[in-house]
>>> print(open('query.txt').read())   # compact mmCIF, C-alpha atoms
# COMPACT_ATOMS: atom_id res chain seq x y z
CA MET A 1 -24.41 -59.66 -12.34
CA ARG A 2 -21.63 -58.12 -14.36
CA PRO A 3 -22.67 -55.14 -16.44
CA SER A 4 -22.31 -55.69 -20.16
CA ASN A 5 -19.82 -53.72 -22.21
CA SER A 6 -22.69 -52.06 -24.05
CA LEU A 7 -24.23 -50.92 -20.77
CA ILE A 8 -20.89 -49.50 -19.67
CA ALA A 9 -20.60 -47.72 -23.01
CA ILE A 10 -24.07 -46.19 -22.61
CA VAL A 11 -23.25 -44.97 -19.10
CA LEU A 12 -19.91 -43.54 -20.23
CA PHE A 13 -21.55 -41.82 -23.19
CA ALA A 14 -24.25 -40.38 -20.99
CA SER A 15 -21.72 -39.05 -18.49
CA MET A 16 -19.60 -37.56 -21.29
CA ALA A 17 -22.65 -35.91 -22.82
CA ARG A 18 -23.54 -34.48 -19.45
CA ALA A 19 -20.00 -33.21 -18.91
CA GLN A 20 -20.08 -31.44 -22.26
CA SER A 21 -23.58 -30.05 -22.01
CA ALA A 22 -24.09 -26.34 -21.47
CA ARG A 23 -26.89 -26.91 -18.97
CA LEU A 24 -27.15 -29.24 -16.02
CA PRO A 25 -30.39 -31.13 -15.19
CA ASP A 26 -31.44 -28.48 -12.65
CA GLY A 27 -31.04 -25.79 -15.32
CA GLN A 28 -27.74 -24.33 -14.15
CA PRO A 29 -25.23 -23.33 -16.82
CA ASN A 30 -22.45 -25.91 -16.56
CA MET A 31 -19.19 -24.53 -15.22
CA GLN A 32 -17.96 -27.63 -13.43
CA GLY A 33 -14.26 -28.33 -13.53
CA MET A 34 -10.91 -27.33 -12.09
CA TYR A 35 -9.66 -23.80 -12.62
CA THR A 36 -6.90 -21.40 -11.74
CA ARG A 37 -7.87 -17.90 -10.74
CA THR A 38 -6.00 -14.83 -11.91
CA GLY A 39 -6.21 -11.09 -11.54
CA VAL A 40 -7.95 -10.91 -8.22
CA LYS A 41 -5.00 -9.49 -6.24
CA GLY A 42 -4.93 -5.95 -7.56
CA LEU A 43 -2.69 -3.43 -5.85
CA GLU A 44 -3.89 0.01 -4.91
CA SER A 45 -2.35 2.88 -6.85
CA GLU A 46 -0.54 4.16 -3.76
CA PRO A 47 -0.14 1.22 -1.41
CA PRO A 48 1.41 1.95 1.95
CA PHE A 49 4.89 0.72 2.79
CA ASN A 50 4.57 -2.87 3.86
CA PRO A 51 7.43 -4.00 6.09
CA ILE A 52 6.67 -7.70 5.71
CA ASP A 53 6.62 -7.57 1.92
CA PRO A 54 8.31 -4.41 0.71
CA GLY A 55 7.75 -3.62 -2.92
CA GLU A 56 10.55 -3.48 -5.44
CA LYS A 57 10.51 0.32 -5.51
CA ASN A 58 11.24 0.45 -1.82
CA PRO A 59 14.92 0.82 -0.94
CA LEU A 60 14.46 -1.74 1.82
CA SER A 61 13.17 -4.33 -0.61
CA VAL A 62 14.94 -7.65 -0.62
CA SER A 63 14.98 -7.30 -4.40
CA ASN A 64 17.21 -4.27 -4.07
CA ARG A 65 20.09 -6.02 -2.35
CA GLY A 66 23.39 -4.94 -3.79
CA ASP A 67 24.35 -8.49 -4.67
CA GLY A 68 21.08 -9.10 -6.49
CA LEU A 69 20.12 -12.00 -4.27
CA GLY A 70 16.62 -12.09 -2.89
CA PRO A 71 14.87 -14.81 -0.97
CA TYR A 72 12.58 -17.42 -2.42
CA PRO A 73 13.66 -18.27 -5.93
CA ARG A 74 10.78 -17.67 -8.26
CA ILE A 75 10.74 -21.36 -9.02
CA PHE A 76 9.13 -22.01 -5.64
CA GLY A 77 6.03 -20.24 -6.87
CA GLU A 78 5.86 -21.82 -10.27
CA GLY A 79 3.56 -24.73 -9.66
CA GLY A 80 0.99 -22.49 -11.27
CA ASN A 81 2.61 -22.96 -14.67
CA VAL A 82 1.75 -26.63 -14.52
CA LEU A 83 -1.83 -25.81 -13.58
CA ARG A 84 -2.51 -23.66 -16.57
CA GLY A 85 -4.15 -24.86 -19.73
CA GLN A 86 -3.40 -23.53 -23.17
CA GLN A 87 -6.70 -21.80 -23.72
CA ALA A 88 -6.88 -18.12 -24.40
CA ARG A 89 -7.21 -16.01 -21.29
CA ALA A 90 -10.07 -13.62 -20.73
CA GLN A 91 -9.12 -10.23 -22.10
CA ARG A 92 -10.36 -7.52 -19.79
CA PRO A 93 -8.95 -5.18 -17.18
CA THR A 94 -8.14 -7.11 -14.02
CA GLY A 95 -7.28 -6.28 -10.45
CA ILE A 96 -8.97 -3.22 -8.98
CA VAL A 97 -11.30 -1.99 -11.74
CA PHE A 98 -13.34 0.47 -9.67
CA PRO A 99 -12.50 3.18 -8.82
CA ALA A 100 -10.64 3.51 -12.11
CA ASP A 101 -7.73 5.31 -10.44
CA LYS A 102 -7.34 2.38 -8.01
CA LYS A 103 -7.52 4.75 -5.03
CA LEU A 104 -9.73 2.95 -2.56
CA PRO A 105 -12.33 4.99 -0.66
CA TRP A 106 -10.76 4.49 2.76
CA ARG A 107 -12.29 6.23 5.73
CA PRO A 108 -9.33 8.42 6.81
CA GLU A 109 -9.23 7.11 10.36
CA GLU A 110 -9.35 3.51 9.15
CA GLU A 111 -6.63 4.16 6.56
CA ALA A 112 -4.42 5.49 9.36
CA LYS A 113 -5.15 2.41 11.47
CA ARG A 114 -4.36 0.11 8.55
CA ARG A 115 -1.00 1.83 7.91
CA GLN A 116 -0.05 1.57 11.58
CA PHE A 117 -1.15 -2.07 11.64
CA LEU A 118 1.23 -2.84 8.77
CA LEU A 119 4.13 -1.15 10.54
CA ASP A 120 3.36 -3.23 13.61
CA MET A 121 3.62 -6.46 11.59
CA ASN A 122 7.43 -6.51 11.36
CA PRO A 123 8.49 -7.23 13.93
CA PRO A 124 5.05 -8.44 14.91
CA LYS A 125 3.68 -6.58 17.88
CA ASP A 126 1.64 -9.59 18.94
CA LEU A 127 -0.02 -12.65 17.43
CA ARG A 128 -2.74 -10.54 15.84
CA HIS A 129 -0.05 -8.79 13.78
CA ILE A 130 1.12 -11.99 12.10
CA GLU A 131 -0.41 -12.59 8.69
CA LEU A 132 -3.65 -14.54 8.81
CA ASN A 133 -2.27 -16.86 6.11
CA SER A 134 0.79 -17.58 8.21
CA ARG A 135 -1.46 -18.59 11.08
CA CYS A 136 -3.20 -21.04 8.74
CA ALA A 137 -6.49 -19.16 8.94
CA LEU A 138 -8.99 -20.06 6.24
CA PRO A 139 -8.37 -17.77 3.27
CA GLY A 140 -11.72 -16.00 2.89
CA PRO A 141 -12.70 -14.93 -0.62
CA PHE A 142 -9.39 -13.40 -1.69
CA GLU A 143 -6.40 -15.23 -0.18
CA GLY A 144 -6.57 -18.52 -2.09
CA GLU A 145 -2.91 -18.46 -3.22
CA ASP A 146 -3.85 -18.22 -6.86
CA GLY A 147 -0.36 -18.92 -8.19
CA ASN A 148 -0.12 -22.49 -6.96
CA ASN A 149 -3.51 -23.76 -5.95
CA PRO A 150 -6.50 -24.50 -8.19
CA TYR A 151 -10.22 -24.33 -7.47
CA THR A 152 -12.64 -27.14 -8.26
CA ILE A 153 -16.23 -26.12 -9.04
CA LEU A 154 -19.01 -28.66 -8.55
CA GLN A 155 -22.71 -28.06 -9.17
CA PRO A 156 -24.97 -30.46 -7.33
CA PRO A 157 -28.67 -29.59 -7.73
CA GLY A 158 -29.43 -26.26 -6.08
CA GLN A 159 -25.84 -25.49 -5.12
CA VAL A 160 -22.49 -24.37 -6.42
CA VAL A 161 -19.57 -25.77 -4.45
CA ILE A 162 -16.06 -24.36 -4.73
CA LEU A 163 -13.31 -26.61 -3.37
CA TYR A 164 -10.08 -24.79 -2.59
CA ASP A 165 -6.81 -26.63 -3.07
CA TYR A 166 -5.28 -24.00 -0.78
CA ASN A 167 -5.81 -24.80 2.86
CA HIS A 168 -8.23 -27.51 1.81
CA THR A 169 -11.33 -25.48 2.39
CA SER A 170 -14.62 -25.02 0.53
CA ARG A 171 -17.55 -22.72 -0.13
CA VAL A 172 -21.10 -23.95 -0.56
CA ILE A 173 -23.26 -21.42 -2.41
CA ASP A 174 -26.94 -22.07 -1.81
CA LEU A 175 -29.13 -21.30 -4.84
CA ASN A 176 -32.45 -21.78 -3.07
CA ARG A 177 -32.09 -19.80 0.12
CA ARG A 178 -33.03 -16.11 -0.06
CA GLU A 179 -31.94 -14.91 3.38
CA HIS A 180 -28.58 -15.00 5.09
CA LEU A 181 -27.83 -16.78 8.32
CA GLY A 182 -28.41 -15.00 11.61
CA LYS A 183 -26.04 -12.13 12.41
CA ASN A 184 -24.48 -13.96 15.32
CA ILE A 185 -23.03 -16.61 12.99
CA ARG A 186 -19.62 -15.44 11.79
CA LEU A 187 -17.49 -17.35 9.30
CA PHE A 188 -14.08 -17.07 7.63
CA MET A 189 -15.64 -17.94 4.26
CA GLY A 190 -18.90 -16.08 4.93
CA ASP A 191 -22.42 -17.20 4.14
CA SER A 192 -23.09 -17.31 0.39
CA ILE A 193 -26.44 -17.34 -1.38
CA GLY A 194 -26.67 -17.17 -5.13
CA HIS A 195 -28.84 -17.08 -8.20
CA TRP A 196 -28.31 -17.25 -11.93
CA GLU A 197 -28.91 -14.30 -14.26
CA GLY A 198 -28.53 -15.92 -17.68
CA ASN A 199 -24.95 -17.21 -17.82
CA THR A 200 -23.92 -15.24 -14.75
CA LEU A 201 -23.91 -16.67 -11.25
CA VAL A 202 -24.49 -13.83 -8.78
CA VAL A 203 -23.31 -14.63 -5.25
CA ASP A 204 -24.10 -12.48 -2.23
CA THR A 205 -21.94 -13.16 0.81
CA THR A 206 -22.14 -11.76 4.35
CA ASN A 207 -21.56 -13.06 7.88
CA PHE A 208 -17.77 -12.70 7.67
CA ASN A 209 -15.84 -12.82 10.92
CA GLY A 210 -13.49 -9.84 10.59
CA ARG A 211 -10.47 -12.13 10.13
CA VAL A 212 -10.31 -11.98 6.36
CA ALA A 213 -7.49 -10.24 4.48
CA TYR A 214 -7.64 -8.90 0.95
CA SER A 215 -3.87 -8.80 0.45
CA ARG A 216 -0.65 -8.15 2.34
CA GLU A 217 -1.30 -4.43 2.04
CA ILE A 218 -4.92 -4.79 3.23
CA PRO A 219 -4.32 -7.26 6.05
CA TYR A 220 -7.89 -7.31 7.34
CA LEU A 221 -11.45 -6.47 6.39
CA SER A 222 -14.17 -6.00 8.99
CA ASP A 223 -17.09 -8.25 9.91
CA ALA A 224 -19.31 -5.77 8.05
CA LEU A 225 -17.78 -7.03 4.79
CA HIS A 226 -20.38 -7.73 2.13
CA THR A 227 -19.33 -9.11 -1.26
CA VAL A 228 -21.30 -9.56 -4.47
CA GLU A 229 -19.51 -11.82 -6.94
CA ARG A 230 -20.41 -12.32 -10.58
CA PHE A 231 -19.17 -15.53 -12.21
CA THR A 232 -19.95 -15.32 -15.94
CA VAL A 233 -19.50 -18.42 -18.07
CA VAL A 234 -17.64 -17.16 -21.16
CA ASP A 235 -16.89 -20.53 -22.73
CA GLU A 236 -16.19 -24.06 -21.58
CA ASN A 237 -12.71 -23.03 -20.36
CA THR A 238 -13.25 -19.55 -19.00
CA ILE A 239 -15.26 -17.86 -16.28
CA ASP A 240 -15.14 -14.10 -16.06
CA TYR A 241 -15.05 -12.96 -12.43
CA GLU A 242 -15.96 -9.68 -10.79
CA VAL A 243 -16.46 -8.95 -7.12
CA THR A 244 -17.88 -5.85 -5.47
CA ILE A 245 -16.36 -5.31 -2.04
CA ASP A 246 -18.44 -3.29 0.37
CA ASP A 247 -17.11 -2.81 3.89
CA PRO A 248 -18.80 0.25 5.37
CA GLN A 249 -16.67 0.09 8.51
CA LEU A 250 -13.49 0.66 6.51
CA PHE A 251 -14.60 2.39 3.29
CA THR A 252 -17.01 5.14 2.33
CA GLY A 253 -18.21 3.17 -0.69
CA PRO A 254 -17.79 -0.09 -2.57
CA TRP A 255 -14.89 -1.01 -4.86
CA LYS A 256 -14.56 -3.69 -7.49
CA VAL A 257 -12.00 -6.29 -8.46
CA ALA A 258 -12.03 -8.37 -11.64
CA GLY A 259 -10.27 -11.50 -12.75
CA ALA A 260 -10.88 -14.82 -14.43
CA PHE A 261 -11.06 -18.51 -13.77
CA SER A 262 -9.34 -20.61 -16.47
CA LYS A 263 -9.50 -24.39 -16.81
CA VAL A 264 -6.31 -26.13 -15.72
CA SER A 265 -4.16 -28.40 -17.84
CA LYS A 266 -5.37 -31.97 -18.21
CA GLY A 267 -4.22 -34.35 -15.54
CA VAL A 268 -3.96 -31.81 -12.74
CA GLU A 269 -5.20 -33.14 -9.43
CA SER A 270 -6.16 -31.23 -6.32
CA LEU A 271 -3.78 -32.09 -3.51
CA GLU A 272 -4.22 -32.02 0.23
CA PHE A 273 -3.03 -28.84 1.89
CA ALA A 274 -3.05 -29.21 5.64
CA CYS A 275 -1.53 -25.93 6.74
CA ALA A 276 -1.42 -26.51 10.45
CA GLU A 277 0.47 -29.77 9.91
CA GLY A 278 3.87 -28.21 9.59
CA SER A 279 3.74 -24.46 9.99
CA GLN A 280 6.82 -23.26 11.85
CA THR A 281 6.08 -19.58 11.45
CA LEU A 282 5.81 -18.82 15.13
CA GLN A 283 9.05 -20.62 15.93
CA ASN A 284 10.85 -18.81 13.15
CA ILE A 285 9.74 -15.46 14.50
CA PHE A 286 9.69 -15.97 18.25
CA GLY A 287 11.96 -18.97 18.80
CA THR A 288 11.39 -22.47 20.08
CA PRO A 289 8.46 -22.67 22.49
CA PRO A 290 9.18 -23.87 26.02
CA THR A 291 8.72 -27.58 26.57
CA ARG A 292 6.30 -28.72 29.23
CA MET B 1 33.66 -36.82 3.37
CA HIS B 2 34.25 -33.13 3.22
CA MET B 3 31.99 -30.81 5.15
CA LYS B 4 32.51 -27.22 5.94
CA PHE B 5 30.52 -24.53 7.57
CA SER B 6 30.51 -20.91 6.73
CA VAL B 7 28.21 -18.00 7.22
CA ALA B 8 29.03 -15.49 4.59
CA VAL B 9 27.64 -12.42 3.00
CA ALA B 10 26.07 -14.07 0.03
CA GLY B 11 28.11 -12.49 -2.70
CA ALA B 12 28.59 -15.85 -4.35
CA ALA B 13 27.28 -16.13 -7.85
CA LEU B 14 24.27 -18.38 -7.70
CA VAL B 15 22.90 -19.64 -10.93
CA LEU B 16 19.32 -18.92 -10.20
CA VAL B 17 17.03 -16.90 -12.34
CA LEU B 18 16.45 -13.86 -10.22
CA SER B 19 13.23 -12.03 -9.85
CA SER B 20 12.30 -8.58 -8.69
CA GLN B 21 8.68 -9.63 -8.55
CA SER B 22 7.27 -10.94 -5.33
CA VAL B 23 6.15 -14.54 -5.37
CA THR B 24 2.96 -15.48 -3.70
CA GLY B 25 3.40 -17.83 -0.80
CA HIS B 26 1.99 -18.91 2.46
CA HIS B 27 3.72 -16.07 4.24
CA ALA B 28 5.79 -13.02 3.49
CA PHE B 29 9.51 -13.66 3.71
CA ALA B 30 10.46 -10.66 5.79
CA ALA B 31 8.31 -11.50 8.79
CA GLU B 32 10.14 -14.75 9.47
CA PHE B 33 13.57 -14.47 7.88
CA ASP B 34 16.29 -11.81 7.89
CA VAL B 35 17.58 -10.76 4.50
CA ASN B 36 20.60 -9.25 6.26
CA LYS B 37 21.64 -12.64 7.59
CA PRO B 38 22.52 -14.78 4.58
CA VAL B 39 23.89 -18.22 5.28
CA LYS B 40 25.63 -20.89 3.25
CA ILE B 41 26.36 -24.35 4.61
CA ASN B 42 27.76 -27.65 3.40
CA GLY B 43 26.55 -30.83 4.96
CA THR B 44 24.71 -34.12 4.76
CA VAL B 45 20.97 -34.35 4.29
CA THR B 46 19.32 -36.17 7.19
CA LYS B 47 15.69 -35.91 6.01
CA VAL B 48 13.26 -34.06 3.79
CA GLU B 49 9.76 -33.35 5.05
CA PHE B 50 6.98 -32.60 2.57
CA THR B 51 4.80 -30.87 5.13
CA ASN B 52 2.39 -28.02 4.55
CA PRO B 53 2.51 -25.14 4.31
CA HIS B 54 6.22 -25.52 3.50
CA ALA B 55 8.56 -28.42 2.89
CA TRP B 56 11.74 -28.58 4.99
CA ILE B 57 15.16 -30.08 4.37
CA TYR B 58 17.34 -31.02 7.34
CA VAL B 59 21.13 -31.06 7.05
CA ASP B 60 23.86 -32.15 9.47
CA VAL B 61 26.65 -29.57 9.44
CA LYS B 62 30.03 -30.07 11.11
CA GLU B 63 31.21 -26.90 12.80
CA PRO B 64 34.90 -25.97 13.12
CA ASP B 65 34.99 -27.34 16.66
CA GLY B 66 33.80 -30.71 15.44
CA ASN B 67 30.28 -30.47 16.79
CA VAL B 68 27.52 -31.47 14.37
CA VAL B 69 24.50 -29.20 14.17
CA ASN B 70 21.29 -30.19 12.42
CA TRP B 71 20.09 -27.24 10.32
CA ARG B 72 16.67 -26.97 8.73
CA PHE B 73 15.86 -24.97 5.62
CA GLU B 74 12.37 -23.97 4.53
CA LEU B 75 11.44 -24.76 0.92
CA GLY B 76 8.33 -24.02 -1.13
CA ALA B 77 4.92 -25.53 -0.54
CA PRO B 78 4.70 -29.27 -1.26
CA ASN B 79 1.92 -28.68 -3.79
CA ALA B 80 4.10 -26.27 -5.75
CA LEU B 81 7.11 -28.59 -5.58
CA ILE B 82 5.11 -31.66 -6.61
CA ARG B 83 3.64 -29.77 -9.55
CA LEU B 84 7.19 -28.93 -10.56
CA GLY B 85 8.06 -32.61 -10.59
CA TRP B 86 9.59 -32.92 -7.15
CA ARG B 87 8.94 -35.95 -4.99
CA VAL B 88 9.67 -36.77 -1.37
CA ASP B 89 12.71 -38.82 -2.38
CA THR B 90 14.15 -36.38 -4.91
CA ILE B 91 16.86 -35.54 -2.39
CA LYS B 92 17.72 -38.61 -0.37
CA ALA B 93 19.11 -38.74 3.14
CA GLY B 94 22.88 -38.99 2.97
CA THR B 95 23.23 -36.64 0.00
CA GLU B 96 25.96 -34.05 0.32
CA VAL B 97 24.59 -30.59 -0.39
CA GLU B 98 25.50 -26.95 -0.30
CA ILE B 99 22.56 -24.77 0.68
CA ALA B 100 22.33 -21.02 0.63
CA GLY B 101 19.58 -19.05 2.25
CA PHE B 102 18.62 -16.54 4.90
CA ARG B 103 18.43 -17.14 8.63
CA ALA B 104 15.26 -17.07 10.69
CA LYS B 105 14.53 -13.96 12.72
CA ALA B 106 14.58 -16.05 15.88
CA GLY B 107 18.12 -17.27 15.16
CA GLY B 108 19.28 -20.84 15.64
CA PRO B 109 20.13 -23.30 12.88
CA VAL B 110 17.04 -22.39 10.86
CA ALA B 111 16.84 -20.65 7.49
CA ASN B 112 14.87 -20.05 4.34
CA GLY B 113 16.55 -22.03 1.56
CA ARG B 114 16.97 -20.46 -1.82
CA SER B 115 19.39 -22.79 -3.61
CA ILE B 116 20.63 -26.33 -3.13
CA LYS B 117 23.78 -27.54 -4.91
CA LEU B 118 24.34 -31.26 -5.36
CA PRO B 119 27.75 -33.02 -5.47
CA ASP B 120 27.63 -33.27 -9.27
CA GLY B 121 27.24 -29.52 -9.54
CA ARG B 122 23.56 -29.50 -10.38
CA GLU B 123 21.70 -26.70 -8.68
CA LEU B 124 18.15 -27.34 -7.62
CA PHE B 125 15.30 -24.92 -7.82
CA SER B 126 16.87 -23.15 -10.76
CA GLY B 127 15.67 -23.13 -14.31
CA GLY B 128 12.30 -21.47 -14.01
CA SER B 129 11.67 -18.25 -15.81
CA ALA B 130 8.08 -17.38 -16.55
CA PRO B 131 6.40 -15.02 -14.12
CA THR B 132 3.42 -16.42 -12.32
CA SER B 133 2.63 -13.93 -9.64
CA ASP B 134 -0.55 -11.93 -10.06
CA ARG B 135 0.30 -9.61 -7.28
>>> encode(input="query.txt", output="structure tokens")
Amino acid sequence: MRPSNSLIAIVLFASMARAQSARLPDGQPNMQGMYTRTGVKGLESEPPFNPIDPGEKNPLSVSNRGDGLGPYPRIFGEGGNVLRGQQARAQRPTGIVFPADKKLPWRPEEEAKRRQFLLDMNPPKDLRHIELNSRCALPGPFEGEDGNNPYTILQPPGQVVILYDYNHTSRVIDLNRREHLGKNIRLFMGDSIGHWEGNTLVVDTTNFNGRVAYSREIPYLSDALHTVERFTVVDENTIDYEVTIDDPQLFTGPWKVAGAFSKVSKGVESLEFACAEGSQTLQNIFGTPPTR
Amino acid sequence: MHMKFSVAVAGAALVLVLSSQSVTGHHAFAAEFDVNKPVKINGTVTKVEFTNPHAWIYVDVKEPDGNVVNWRFELGAPNALIRLGWRVDTIKAGTEVEIAGFRAKAGGPVANGRSIKLPDGRELFSGGSAPTSDR
């Protein structure tokens, strides 16, 4: 039996009404859609010298070449312009927002280890000293390549699902579970449980595997990492984002990062990103592997 | 068909919009490529691969002794290129190109590509301006 045009119209209208409604049938505030994320990669006030990505103030920076030529034309990173909608962006401090001076509460011995680790990354001392991203590891909560790759948020009953364009991964945030998985289960993306406080989704994540980076200057966090994220629905195009990062193995106290999710331009699709398909990082650093 | 090969200190005036701001990417440049080893080649495109995490363009280059060496140059991520309007067949096999970039740390005919000049003088990957990096 072919559905009548009027039936199709009713179904379309119902789905449109649902898409535009502020609340979903299970009571969740509706924040479904595709977004870009901004602001989450805040630099420390005094980041250490990073030999794999020297900053522009460093005399060794590729940006300070006498002829003005650096690698990677900016255009390579500009897919993000296409992703962005025209809506106003959230106006609030972003990046590291606590401590206010952006000096992270490193344990001195761990800060020293981190600085030495960075120096050992170029040339890489061993495989462990090659960026996790370059080895196609799943990105964890922070390394989603925000410039080029959007996030799709879905809200099936009792869950919030975040699909990453980058590295084609996902997070499933369980809204019904109250306890985390057993301590012997360790995950790149962690184990997330959440609940709503008004228009704010609060997500508690543990069970990380110690192979998660925050940035190029903080190339790893420990398996004691515990994050509490707050996704606040500001309007139909904007989600305010704040994450408290607590890693008692590396820091003496928690620190906070803030940013925003903004709806992408119409017509943007999420594309497959199969990192392991064509990564030639190891060959470029170490040379062609021996053939069998 | 004119092909030449030269490795030069890249003092040539490229038409790109330059940036002092780091661009996010799958990996940091300096771990894989050597900024002190710029390279510029002329040759014939043999294929373009839109693979993740980076696209690659392969170019046959005739060396002074007549030998032909197939070079490969790393480009941006396919997702970024596609969102900029690029497609797999934007540069077809057989196209004569001039490519400038920086050689891989491991050596060999491998480099990070930063500009591609077509026979009609058009230069690819130029024209962008707005900053996008949040780092």
>>> closest_residue(input="query.txt", among="B:Leu84, B:Ala104, B:Arg114, B:Leu124", to="Val268 in chain A", atoms="all atoms listed in the file")
B:Leu84
>>> residues_near_point(input="query.txt", point="(23.0, -32.2, 3.6)", cutoff="10 Å", atoms="all atoms listed in the file", output="PDB file with C-alpha atoms, keeping the file's coordinate frame")
ATOM      1  CA  MET B   3      31.990 -30.810   5.150  1.00  0.00           C
ATOM      2  CA  ILE B  41      26.360 -24.350   4.610  1.00  0.00           C
ATOM      3  CA  ASN B  42      27.760 -27.650   3.400  1.00  0.00           C
ATOM      4  CA  GLY B  43      26.550 -30.830   4.960  1.00  0.00           C
ATOM      5  CA  THR B  44      24.710 -34.120   4.760  1.00  0.00           C
ATOM      6  CA  VAL B  45      20.970 -34.350   4.290  1.00  0.00           C
ATOM      7  CA  THR B  46      19.320 -36.170   7.190  1.00  0.00           C
ATOM      8  CA  LYS B  47      15.690 -35.910   6.010  1.00  0.00           C
ATOM      9  CA  VAL B  48      13.260 -34.060   3.790  1.00  0.00           C
ATOM     10  CA  ILE B  57      15.160 -30.080   4.370  1.00  0.00           C
ATOM     11  CA  TYR B  58      17.340 -31.020   7.340  1.00  0.00           C
ATOM     12  CA  VAL B  59      21.130 -31.060   7.050  1.00  0.00           C
ATOM     13  CA  ASP B  60      23.860 -32.150   9.470  1.00  0.00           C
ATOM     14  CA  VAL B  61      26.650 -29.570   9.440  1.00  0.00           C
ATOM     15  CA  ASN B  70      21.290 -30.190  12.420  1.00  0.00           C
ATOM     16  CA  TRP B  71      20.090 -27.240  10.320  1.00  0.00           C
ATOM     17  CA  ARG B  72      16.670 -26.970   8.730  1.00  0.00           C
ATOM     18  CA  ILE B  91      16.860 -35.540  -2.390  1.00  0.00           C
ATOM     19  CA  LYS B  92      17.720 -38.610  -0.370  1.00  0.00           C
ATOM     20  CA  ALA B  93      19.110 -38.740   3.140  1.00  0.00           C
ATOM     21  CA  GLY B  94      22.880 -38.990   2.970  1.00  0.00           C
ATOM     22  CA  THR B  95      23.230 -36.640   0.000  1.00  0.00           C
ATOM     23  CA  GLU B  96      25.960 -34.050   0.320  1.00  0.00           C
ATOM     24  CA  VAL B  97      24.590 -30.590  -0.390  1.00  0.00           C
ATOM     25  CA  GLU B  98      25.500 -26.950  -0.300  1.00  0.00           C
ATOM     26  CA  ILE B  99      22.560 -24.770   0.680  1.00  0.00           C
ATOM     27  CA  ILE B 116      20.630 -26.330  -3.130  1.00  0.00           C
ATOM     28  CA  LYS B 117      23.780 -27.540  -4.910  1.00  0.00           C
ATOM     29  CA  LEU B 118      24.340 -31.260  -5.360  1.00  0.00           C
TER      30      LEU B 118
END
>>> residues_around(input="query.txt", residues="Glu179 in chain A", least_positions_apart="5", cutoff="12 Å", atoms="only C-alpha atoms", output="ChimeraX atom specification")
/A:174,191-194,204-207
>>> closest_residue(input="query.txt", among="A:Gly287, A:Gly278, A:Pro141, A:Gly42", to="Val257 in chain A", atoms="only C-alpha atoms")
A:Gly42
>>> residues_around(input="query.txt", residues="range 107-111 of chain B", least_positions_apart="2", cutoff="9 Å", atoms="all atoms listed in the file", output="PyMOL selection string")
(chain A and resi 284-285+287) or (chain B and resi 33-34+38-39+69-74+100-105+113)
>>> write_last_selection(input="query.txt", atoms="C-alpha atoms", output="short mmCIF file (atom, residue, chain, number, x, y, z; two decimals), keeping the file's coordinate frame")
data_model
loop_
_atom_site.label_atom_id
_atom_site.label_comp_id
_atom_site.auth_asym_id
_atom_site.auth_seq_id
_atom_site.Cartn_x
_atom_site.Cartn_y
_atom_site.Cartn_z
CA ASN A 284 10.85 -18.81 13.15
CA ILE A 285 9.74 -15.46 14.50
CA GLY A 287 11.96 -18.97 18.80
CA PHE B 33 13.57 -14.47 7.88
CA ASP B 34 16.29 -11.81 7.89
CA PRO B 38 22.52 -14.78 4.58
CA VAL B 39 23.89 -18.22 5.28
CA VAL B 69 24.50 -29.20 14.17
CA ASN B 70 21.29 -30.19 12.42
CA TRP B 71 20.09 -27.24 10.32
CA ARG B 72 16.67 -26.97 8.73
CA PHE B 73 15.86 -24.97 5.62
CA GLU B 74 12.37 -23.97 4.53
CA ALA B 100 22.33 -21.02 0.63
CA GLY B 101 19.58 -19.05 2.25
CA PHE B 102 18.62 -16.54 4.90
CA ARG B 103 18.43 -17.14 8.63
CA ALA B 104 15.26 -17.07 10.69
CA LYS B 105 14.53 -13.96 12.72
CA GLY B 113 16.55 -22.03 1.56
#
>>> residues_around(input="query.txt", residues="range 76-81 of chain B", least_positions_apart="3", cutoff="7 Å", atoms="all atoms listed in the file", output="list of chain:residue names")
A:Phe76, A:Gly77, A:Glu78, A:Gly79, A:Asn148, A:Leu271, B:Phe50, B:Thr51, B:Asn52, B:Pro53, B:His54, B:Ala55, B:Leu84, B:Gly85, B:Trp86
>>> write_last_selection(input="query.txt", atoms="C-alpha atoms", output="PDB file, in the frame of the given file")
ATOM      1  CA  PHE A  76       9.130 -22.010  -5.640  1.00  0.00           C
ATOM      2  CA  GLY A  77       6.030 -20.240  -6.870  1.00  0.00           C
ATOM      3  CA  GLU A  78       5.860 -21.820 -10.270  1.00  0.00           C
ATOM      4  CA  GLY A  79       3.560 -24.730  -9.660  1.00  0.00           C
ATOM      5  CA  ASN A 148      -0.120 -22.490  -6.960  1.00  0.00           C
ATOM      6  CA  LEU A 271      -3.780 -32.090  -3.510  1.00  0.00           C
TER       7      LEU A 271
ATOM      8  CA  PHE B  50       6.980 -32.600   2.570  1.00  0.00           C
ATOM      9  CA  THR B  51       4.800 -30.870   5.130  1.00  0.00           C
ATOM     10  CA  ASN B  52       2.390 -28.020   4.550  1.00  0.00           C
ATOM     11  CA  PRO B  53       2.510 -25.140   4.310  1.00  0.00           C
ATOM     12  CA  HIS B  54       6.220 -25.520   3.500  1.00  0.00           C
ATOM     13  CA  ALA B  55       8.560 -28.420   2.890  1.00  0.00           C
ATOM     14  CA  LEU B  84       7.190 -28.930 -10.560  1.00  0.00           C
ATOM     15  CA  GLY B  85       8.060 -32.610 -10.590  1.00  0.00           C
ATOM     16  CA  TRP B  86       9.590 -32.920  -7.150  1.00  0.00           C
TER      17      TRP B  86
END
